[in-house]
Structure formats: structure tokens, C-alpha cells
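A short worksheet on the structure shown next.
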Amino acid sequence: MPLWIPLTIAAAFLQNLRSTFQKQLTGNLSAIAATYVRFAFGLPVAVVYVWGLHKVGGYDLPTFNHLFLFYCVVGGVAQIIGTALLVALFAYRNFAVGTTYSKTETVQAALFGIIVLGDHPSLGAGIAIIVSLAGVIAISMAKSHLTLANFGRSLRERPTLMGIGTGAGFGISAVCYRAASLSLDRPDFLMPAAFTLVTVLVFQTVVMTLWLAWREPAQLAATARNWKVSSLVGISGALASMGWFTAMTIENAAYVRALGQIELVFTFASSHFLFREKTERLELAGIALVIGGLLILLFAR
């Protein structure tokens, strides 16, 4: 089994765990501050990881180059914008439509990958991405009780554009992170991925610290007061990012993000079997499509 597959599955699981911890902060922190802790509290973990690879693993530290910094900055900004748009969507009455359109991230990542890196997906992978996307949209529609009529009428509404922008932000960031790692031109993949992660986290932490200091200064102190849960968010988020960045250094970012949708399967399993939540037929159909798409990706890419 190629290494990027278990790395992606582990990253998706850890991301699901991070989201669980992050939800515990929403009552004490603003949405932006709750997002900020994943960067600020994850940075020390990533730094220790790079230090361990260098001192214990014997990997040389890469040398910065302009192209690397460009991709890190563009990817970091795109991820922040994507997250901000996603948070802003919840202020709209029909936010469910926008969040559904945000699930186009995998398709957009494939398109940006072709443009930026020439990563052309195979026919099998393309079919897998479309099938899993259909499943993700079906799950989103089931959870938000959307109808096809409402979904179609929303094409020109602001939440729709914001949702597509969210998907674009996440798709661009995934491709840029892969491009940044590859621009270091190293024979190994662990150190380039780790070095890219640290560079991006430093940039995002600085930018968001300045933003909070300007717009929500009280929230900076609030993140420190909630350091226990914030630390759990940072640790799980950093570990997830290690998996994502390493997998995307090895393989096409669109493939990694598509397989990463297995996170929805984890969420469904926990809600259905642990919390005994009612499952609708459309949601079951969506899960079946996601799993089918992932199987196609693994065996026919």
C-alpha cells in the first residue's frame, strides 16, 4: 500500500478529532479565535517535529527560495480566506447551500493542480472524485434538509459564491502546499513537508495574531485562559497537518483531499453507532457514494 494512503486516513481521523476539541471552544472564543488556536498552538508541535527530523533523523534543513516562500504565502492566505468565508457563511439564513458548494474543494484542487503543477488526474481518479463529490453533496443536503429545487435556485446568491470561494481557498492551499514542498527539490519527502508546514504555520500565526490584536484583542487573552483545550486543538491539528502535508508531497493533492473525505465516514459512524442519531436515506446514499468513490480512487487511479 502506498504510504500516502495510511497517512491521509490518519490525517482525516486526527482532523475529525481536532474539530471535536475545537467545538468545545466555541462557547468561550469567537469563531476567528477558535480558528487561530489551531495555528498558534500547533506551531510548537510542528517546530519540535522539524527539530526531531534534523537532530535525531539526520535530515538536513532545506534552504529557503523565493518560489517556496511564494507558495507558502499564497497557500497560507488561501487557507485563511477559505476558513473566514466558511465562518462567515453561518451568518446567512441559507448558509447550508453555501457550505454544500464548499465541498467542491476536491474538484477545484484537481483543476488548480493541473494549472500549477501539471498534475493531471487519471480517468479513474477523475471518476472517483466526481462520485465522492456527489456523495458529499448528498450528505450535506440530507443534514440541512435541502431540496434540489432550492439547491438549483441558489446559483446566483451570495452564500453560493462564498461557498465556492471556500472550496477554492482550500483547493488552492492544498496545491500550493504540495508545490512549496516540491520546490525545495529534495530527494526525501519528510523534511520538505515538515519544513513547509512550519513555514506556513509561522506565517498564519503572525497574520492572525496581528488581526486579533487589532480587531479582537480580548480574544488573545481568552485563548490563553483556555490553554488546555486550545493545546489539544493545536496538538491534534498539527499531527493532522503532518499527515496532510506529507501525503500531498508524495501524491497529487486532489487525490489526497479526495481520500480525506473518509473523515465524513468517521463522523457518520460516530454519530450513528455511538450517539444513536437518526440517519436519513439520502445520507446513507451519500455515504455509499463517498465509500464507492474512495474505492475507485484506491483501485482505479
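Each chain in the C-alpha cells gets a letter, A, B and so on, in the order shown; residues start at 1 in every chain, and ligands are counted from 1 in the order they appear.
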Range 257-260 of chain A: which residues within 9 Å, counting only C-alpha atoms, same-chain residues fewer than 3 positions away excluded, as a PDB file with N, CA and C atoms, in the first residue's frame?
ATOM      1  N   ILE A   5      -1.558   6.772   1.467  1.00  0.00           N
ATOM      2  CA  ILE A   5      -2.918   6.335   1.803  1.00  0.00           C
ATOM      3  C   ILE A   5      -3.120   6.254   3.325  1.00  0.00           C
ATOM      4  N   THR A   8      -2.999   9.764   4.856  1.00  0.00           N
ATOM      5  CA  THR A   8      -4.207  10.555   4.632  1.00  0.00           C
ATOM      6  C   THR A   8      -5.336  10.110   5.550  1.00  0.00           C
ATOM      7  N   ILE A   9      -5.501   8.801   5.702  1.00  0.00           N
ATOM      8  CA  ILE A   9      -6.558   8.281   6.582  1.00  0.00           C
ATOM      9  C   ILE A   9      -6.311   8.716   8.023  1.00  0.00           C
ATOM     10  N   ALA A  11      -4.589  11.348   8.943  1.00  0.00           N
ATOM     11  CA  ALA A  11      -4.789  12.795   8.989  1.00  0.00           C
ATOM     12  C   ALA A  11      -6.276  13.137   9.073  1.00  0.00           C
ATOM     13  N   ALA A  12      -7.099  12.418   8.317  1.00  0.00           N
ATOM     14  CA  ALA A  12      -8.550  12.659   8.351  1.00  0.00           C
ATOM     15  C   ALA A  12      -9.123  12.346   9.727  1.00  0.00           C
ATOM     16  N   PHE A  13      -8.659  11.267  10.332  1.00  0.00           N
ATOM     17  CA  PHE A  13      -9.122  10.907  11.681  1.00  0.00           C
ATOM     18  C   PHE A  13      -8.721  11.972  12.692  1.00  0.00           C
ATOM     19  N   GLU A 105     -14.284  21.483  -3.135  1.00  0.00           N
ATOM     20  CA  GLU A 105     -12.839  21.634  -2.922  1.00  0.00           C
ATOM     21  C   GLU A 105     -12.016  20.622  -3.711  1.00  0.00           C
ATOM     22  N   THR A 106     -12.425  19.353  -3.722  1.00  0.00           N
ATOM     23  CA  THR A 106     -11.611  18.328  -4.386  1.00  0.00           C
ATOM     24  C   THR A 106     -11.534  18.557  -5.887  1.00  0.00           C
ATOM     25  N   VAL A 107     -12.655  18.935  -6.503  1.00  0.00           N
ATOM     26  CA  VAL A 107     -12.659  19.210  -7.943  1.00  0.00           C
ATOM     27  C   VAL A 107     -11.794  20.426  -8.239  1.00  0.00           C
ATOM     28  N   ALA A 109      -9.325  21.534  -6.427  1.00  0.00           N
ATOM     29  CA  ALA A 109      -7.928  21.161  -6.197  1.00  0.00           C
ATOM     30  C   ALA A 109      -7.359  20.450  -7.422  1.00  0.00           C
ATOM     31  N   ALA A 128     -13.590   8.908  -9.654  1.00  0.00           N
ATOM     32  CA  ALA A 128     -13.661   8.750  -8.200  1.00  0.00           C
ATOM     33  C   ALA A 128     -13.965  10.075  -7.518  1.00  0.00           C
ATOM     34  N   ILE A 129     -13.323  11.142  -7.976  1.00  0.00           N
ATOM     35  CA  ILE A 129     -13.531  12.465  -7.381  1.00  0.00           C
ATOM     36  C   ILE A 129     -14.975  12.920  -7.574  1.00  0.00           C
ATOM     37  N   SER A 132     -17.372  10.680  -5.344  1.00  0.00           N
ATOM     38  CA  SER A 132     -17.302  11.048  -3.919  1.00  0.00           C
ATOM     39  C   SER A 132     -17.866  12.433  -3.684  1.00  0.00           C
ATOM     40  N   LEU A 133     -17.685  13.357  -4.656  1.00  0.00           N
ATOM     41  CA  LEU A 133     -18.263  14.696  -4.521  1.00  0.00           C
ATOM     42  C   LEU A 133     -19.790  14.615  -4.471  1.00  0.00           C
ATOM     43  N   GLY A 171      -8.832  24.410  -1.888  1.00  0.00           N
ATOM     44  CA  GLY A 171      -8.205  23.727  -3.025  1.00  0.00           C
ATOM     45  C   GLY A 171      -6.877  24.354  -3.403  1.00  0.00           C
ATOM     46  N   ALA A 174      -4.152  23.547  -0.756  1.00  0.00           N
ATOM     47  CA  ALA A 174      -3.633  22.179  -0.864  1.00  0.00           C
ATOM     48  C   ALA A 174      -2.596  22.074  -1.979  1.00  0.00           C
ATOM     49  N   TRP A 244      -1.312  15.408   6.344  1.00  0.00           N
ATOM     50  CA  TRP A 244      -1.747  16.036   5.093  1.00  0.00           C
ATOM     51  C   TRP A 244      -0.554  16.495   4.251  1.00  0.00           C
ATOM     52  N   MET A 248       0.570  15.001   0.665  1.00  0.00           N
ATOM     53  CA  MET A 248       0.488  15.853  -0.524  1.00  0.00           C
ATOM     54  C   MET A 248       1.851  16.085  -1.160  1.00  0.00           C
ATOM     55  N   ASN A 252      -0.510  13.511  -5.732  1.00  0.00           N
ATOM     56  CA  ASN A 252      -1.386  14.565  -6.240  1.00  0.00           C
ATOM     57  C   ASN A 252      -2.299  15.067  -5.123  1.00  0.00           C
ATOM     58  N   ALA A 253      -2.331  16.393  -4.906  1.00  0.00           N
ATOM     59  CA  ALA A 253      -3.124  16.966  -3.813  1.00  0.00           C
ATOM     60  C   ALA A 253      -4.605  16.640  -3.944  1.00  0.00           C
ATOM     61  N   ALA A 254      -5.115  16.569  -5.176  1.00  0.00           N
ATOM     62  CA  ALA A 254      -6.529  16.253  -5.370  1.00  0.00           C
ATOM     63  C   ALA A 254      -6.842  14.839  -4.892  1.00  0.00           C
ATOM     64  N   GLU A 263     -13.113  11.239   6.299  1.00  0.00           N
ATOM     65  CA  GLU A 263     -13.465  11.882   7.568  1.00  0.00           C
ATOM     66  C   GLU A 263     -14.982  11.867   7.770  1.00  0.00           C
ATOM     67  N   LEU A 264     -15.739  12.025   6.663  1.00  0.00           N
ATOM     68  CA  LEU A 264     -17.199  12.006   6.757  1.00  0.00           C
ATOM     69  C   LEU A 264     -17.704  10.648   7.203  1.00  0.00           C
ATOM     70  N   GLY A 293     -16.621   6.088  -4.173  1.00  0.00           N
ATOM     71  CA  GLY A 293     -15.629   6.936  -4.800  1.00  0.00           C
ATOM     72  C   GLY A 293     -14.223   6.700  -4.280  1.00  0.00           C
ATOM     73  N   LEU A 294     -14.109   6.475  -2.971  1.00  0.00           N
ATOM     74  CA  LEU A 294     -12.805   6.213  -2.374  1.00  0.00           C
ATOM     75  C   LEU A 294     -12.235   4.873  -2.870  1.00  0.00           C
ATOM     76  N   LEU A 297     -10.961   5.385  -6.291  1.00  0.00           N
ATOM     77  CA  LEU A 297      -9.708   6.126  -6.224  1.00  0.00           C
ATOM     78  C   LEU A 297      -8.545   5.196  -5.885  1.00  0.00           C
ATOM     79  N   LEU A 298      -8.758   4.287  -4.943  1.00  0.00           N
ATOM     80  CA  LEU A 298      -7.687   3.417  -4.481  1.00  0.00           C
ATOM     81  C   LEU A 298      -7.314   2.342  -5.503  1.00  0.00           C
TER      82      LEU A 298
END
Give me, as a PDB file with N, CA and C atoms, in the first residue's frame, all polymer residues having an atom no more than 10 Å from Ile172 in chain A, counting only C-alpha atoms and skipping those fewer than 6 positions away in the same chain.
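Contents of the output file part.pdb:
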ATOM      1  N   TYR A  71       4.758  30.163  -2.627  1.00  0.00           N
ATOM      2  CA  TYR A  71       3.699  29.152  -2.492  1.00  0.00           C
ATOM      3  C   TYR A  71       3.213  29.054  -1.045  1.00  0.00           C
ATOM      4  N   VAL A  74       0.943  32.214  -0.479  1.00  0.00           N
ATOM      5  CA  VAL A  74      -0.327  32.097  -1.214  1.00  0.00           C
ATOM      6  C   VAL A  74      -1.204  31.011  -0.591  1.00  0.00           C
ATOM      7  N   GLY A  75      -0.599  29.868  -0.276  1.00  0.00           N
ATOM      8  CA  GLY A  75      -1.355  28.789   0.345  1.00  0.00           C
ATOM      9  C   GLY A  75      -1.883  29.172   1.715  1.00  0.00           C
ATOM     10  N   GLY A  76      -1.049  29.849   2.516  1.00  0.00           N
ATOM     11  CA  GLY A  76      -1.470  30.272   3.845  1.00  0.00           C
ATOM     12  C   GLY A  76      -2.611  31.272   3.794  1.00  0.00           C
ATOM     13  N   VAL A  77      -2.506  32.243   2.893  1.00  0.00           N
ATOM     14  CA  VAL A  77      -3.575  33.237   2.738  1.00  0.00           C
ATOM     15  C   VAL A  77      -4.853  32.577   2.231  1.00  0.00           C
ATOM     16  N   ALA A  78      -4.716  31.668   1.258  1.00  0.00           N
ATOM     17  CA  ALA A  78      -5.886  30.984   0.702  1.00  0.00           C
ATOM     18  C   ALA A  78      -6.611  30.181   1.775  1.00  0.00           C
ATOM     19  N   GLN A  79      -5.862  29.527   2.655  1.00  0.00           N
ATOM     20  CA  GLN A  79      -6.483  28.738   3.720  1.00  0.00           C
ATOM     21  C   GLN A  79      -7.200  29.642   4.722  1.00  0.00           C
ATOM     22  N   GLY A  82     -10.338  30.901   2.973  1.00  0.00           N
ATOM     23  CA  GLY A  82     -11.321  29.828   2.905  1.00  0.00           C
ATOM     24  C   GLY A  82     -12.001  29.597   4.237  1.00  0.00           C
ATOM     25  N   GLU A 105     -14.284  21.483  -3.135  1.00  0.00           N
ATOM     26  CA  GLU A 105     -12.839  21.634  -2.922  1.00  0.00           C
ATOM     27  C   GLU A 105     -12.016  20.622  -3.711  1.00  0.00           C
ATOM     28  N   GLN A 108     -11.917  21.467  -7.414  1.00  0.00           N
ATOM     29  CA  GLN A 108     -11.114  22.663  -7.633  1.00  0.00           C
ATOM     30  C   GLN A 108      -9.633  22.379  -7.399  1.00  0.00           C
ATOM     31  N   ALA A 109      -9.325  21.534  -6.427  1.00  0.00           N
ATOM     32  CA  ALA A 109      -7.928  21.161  -6.197  1.00  0.00           C
ATOM     33  C   ALA A 109      -7.359  20.450  -7.422  1.00  0.00           C
ATOM     34  N   ALA A 110      -8.177  19.600  -8.047  1.00  0.00           N
ATOM     35  CA  ALA A 110      -7.731  18.909  -9.260  1.00  0.00           C
ATOM     36  C   ALA A 110      -7.448  19.909 -10.379  1.00  0.00           C
ATOM     37  N   LEU A 111      -8.326  20.903 -10.541  1.00  0.00           N
ATOM     38  CA  LEU A 111      -8.134  21.910 -11.594  1.00  0.00           C
ATOM     39  C   LEU A 111      -6.900  22.763 -11.317  1.00  0.00           C
ATOM     40  N   PHE A 112      -6.732  23.228 -10.080  1.00  0.00           N
ATOM     41  CA  PHE A 112      -5.567  24.039  -9.733  1.00  0.00           C
ATOM     42  C   PHE A 112      -4.277  23.214  -9.844  1.00  0.00           C
ATOM     43  N   GLY A 113      -4.369  21.922  -9.530  1.00  0.00           N
ATOM     44  CA  GLY A 113      -3.203  21.052  -9.657  1.00  0.00           C
ATOM     45  C   GLY A 113      -2.742  20.922 -11.103  1.00  0.00           C
ATOM     46  N   VAL A 116      -1.206  24.569 -11.982  1.00  0.00           N
ATOM     47  CA  VAL A 116       0.028  24.970 -11.287  1.00  0.00           C
ATOM     48  C   VAL A 116       1.144  23.953 -11.465  1.00  0.00           C
ATOM     49  N   THR A 166     -14.944  29.313  -0.679  1.00  0.00           N
ATOM     50  CA  THR A 166     -14.377  28.483   0.389  1.00  0.00           C
ATOM     51  C   THR A 166     -13.670  27.272  -0.193  1.00  0.00           C
ATOM     52  N   ALA A 253      -2.331  16.393  -4.906  1.00  0.00           N
ATOM     53  CA  ALA A 253      -3.124  16.966  -3.813  1.00  0.00           C
ATOM     54  C   ALA A 253      -4.605  16.640  -3.944  1.00  0.00           C
TER      55      ALA A 253
END
Please provide as JSON, numbers by chain all residues within 8 Å of range 201-204 of chain A, with the sequence filter that same-chain residues fewer than 3 positions apart are discarded (counting only C-alpha atoms). {"A": [39, 40, 42, 43, 73, 76, 77, 80, 197, 198, 207, 208]}
Since we have the selection now, will you write its residues out, keeping N, CA, C and O atoms, as a PDB file, in the first residue's frame?
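File produced: part_25.pdb:
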ATOM      1  N   PHE A  39      -3.560  27.160  14.636  1.00  0.00           N
ATOM      2  CA  PHE A  39      -2.261  27.573  14.101  1.00  0.00           C
ATOM      3  C   PHE A  39      -1.271  27.853  15.233  1.00  0.00           C
ATOM      4  O   PHE A  39      -0.164  27.299  15.257  1.00  0.00           O
ATOM      5  N   ALA A  40      -1.661  28.729  16.174  1.00  0.00           N
ATOM      6  CA  ALA A  40      -0.743  29.179  17.215  1.00  0.00           C
ATOM      7  C   ALA A  40      -0.313  28.047  18.144  1.00  0.00           C
ATOM      8  O   ALA A  40       0.864  27.937  18.496  1.00  0.00           O
ATOM      9  N   GLY A  42      -0.531  24.861  17.423  1.00  0.00           N
ATOM     10  CA  GLY A  42       0.037  23.768  16.654  1.00  0.00           C
ATOM     11  C   GLY A  42       1.468  24.020  16.231  1.00  0.00           C
ATOM     12  O   GLY A  42       2.236  23.076  15.989  1.00  0.00           O
ATOM     13  N   LEU A  43       1.852  25.310  16.168  1.00  0.00           N
ATOM     14  CA  LEU A  43       3.203  25.673  15.722  1.00  0.00           C
ATOM     15  C   LEU A  43       4.306  25.035  16.561  1.00  0.00           C
ATOM     16  O   LEU A  43       5.260  24.482  15.987  1.00  0.00           O
ATOM     17  N   VAL A  73       3.113  31.504   1.201  1.00  0.00           N
ATOM     18  CA  VAL A  73       2.297  32.679   1.498  1.00  0.00           C
ATOM     19  C   VAL A  73       0.939  32.579   0.807  1.00  0.00           C
ATOM     20  O   VAL A  73      -0.113  32.804   1.425  1.00  0.00           O
ATOM     21  N   GLY A  76      -1.049  29.849   2.516  1.00  0.00           N
ATOM     22  CA  GLY A  76      -1.470  30.272   3.845  1.00  0.00           C
ATOM     23  C   GLY A  76      -2.611  31.272   3.794  1.00  0.00           C
ATOM     24  O   GLY A  76      -3.572  31.165   4.562  1.00  0.00           O
ATOM     25  N   VAL A  77      -2.506  32.243   2.893  1.00  0.00           N
ATOM     26  CA  VAL A  77      -3.575  33.237   2.738  1.00  0.00           C
ATOM     27  C   VAL A  77      -4.853  32.577   2.231  1.00  0.00           C
ATOM     28  O   VAL A  77      -5.956  32.860   2.718  1.00  0.00           O
ATOM     29  N   ILE A  80      -6.584  30.777   5.062  1.00  0.00           N
ATOM     30  CA  ILE A  80      -7.221  31.716   5.983  1.00  0.00           C
ATOM     31  C   ILE A  80      -8.504  32.270   5.368  1.00  0.00           C
ATOM     32  O   ILE A  80      -9.555  32.346   6.024  1.00  0.00           O
ATOM     33  N   LEU A 197       5.258  22.925   6.450  1.00  0.00           N
ATOM     34  CA  LEU A 197       4.247  23.082   7.496  1.00  0.00           C
ATOM     35  C   LEU A 197       4.655  24.155   8.498  1.00  0.00           C
ATOM     36  O   LEU A 197       3.846  25.035   8.847  1.00  0.00           O
ATOM     37  N   VAL A 198       5.893  24.112   8.977  1.00  0.00           N
ATOM     38  CA  VAL A 198       6.350  25.100   9.951  1.00  0.00           C
ATOM     39  C   VAL A 198       6.319  26.504   9.358  1.00  0.00           C
ATOM     40  O   VAL A 198       5.869  27.465  10.003  1.00  0.00           O
ATOM     41  N   VAL A 207       0.091  36.469  11.078  1.00  0.00           N
ATOM     42  CA  VAL A 207      -1.002  37.224  10.453  1.00  0.00           C
ATOM     43  C   VAL A 207      -2.233  37.255  11.358  1.00  0.00           C
ATOM     44  O   VAL A 207      -2.834  38.319  11.588  1.00  0.00           O
ATOM     45  N   MET A 208      -2.608  36.107  11.900  1.00  0.00           N
ATOM     46  CA  MET A 208      -3.826  36.058  12.712  1.00  0.00           C
ATOM     47  C   MET A 208      -3.633  36.692  14.092  1.00  0.00           C
ATOM     48  O   MET A 208      -4.581  37.221  14.670  1.00  0.00           O
TER      49      MET A 208
END
Pairwise distance, CA of Pro121 in chain A with CA of Gly165 in chain A, equals 22.2 Å
Return the single residue from A:Gly163, A:Tyr101, A:Gln261, A:Met242 that is closest to Met141 in chain A, with distances computed using only C-alpha atoms.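 Comparing A:Gly163, A:Tyr101, A:Gln261, A:Met242 against Met141 in chain A, the winner is A:Tyr101.
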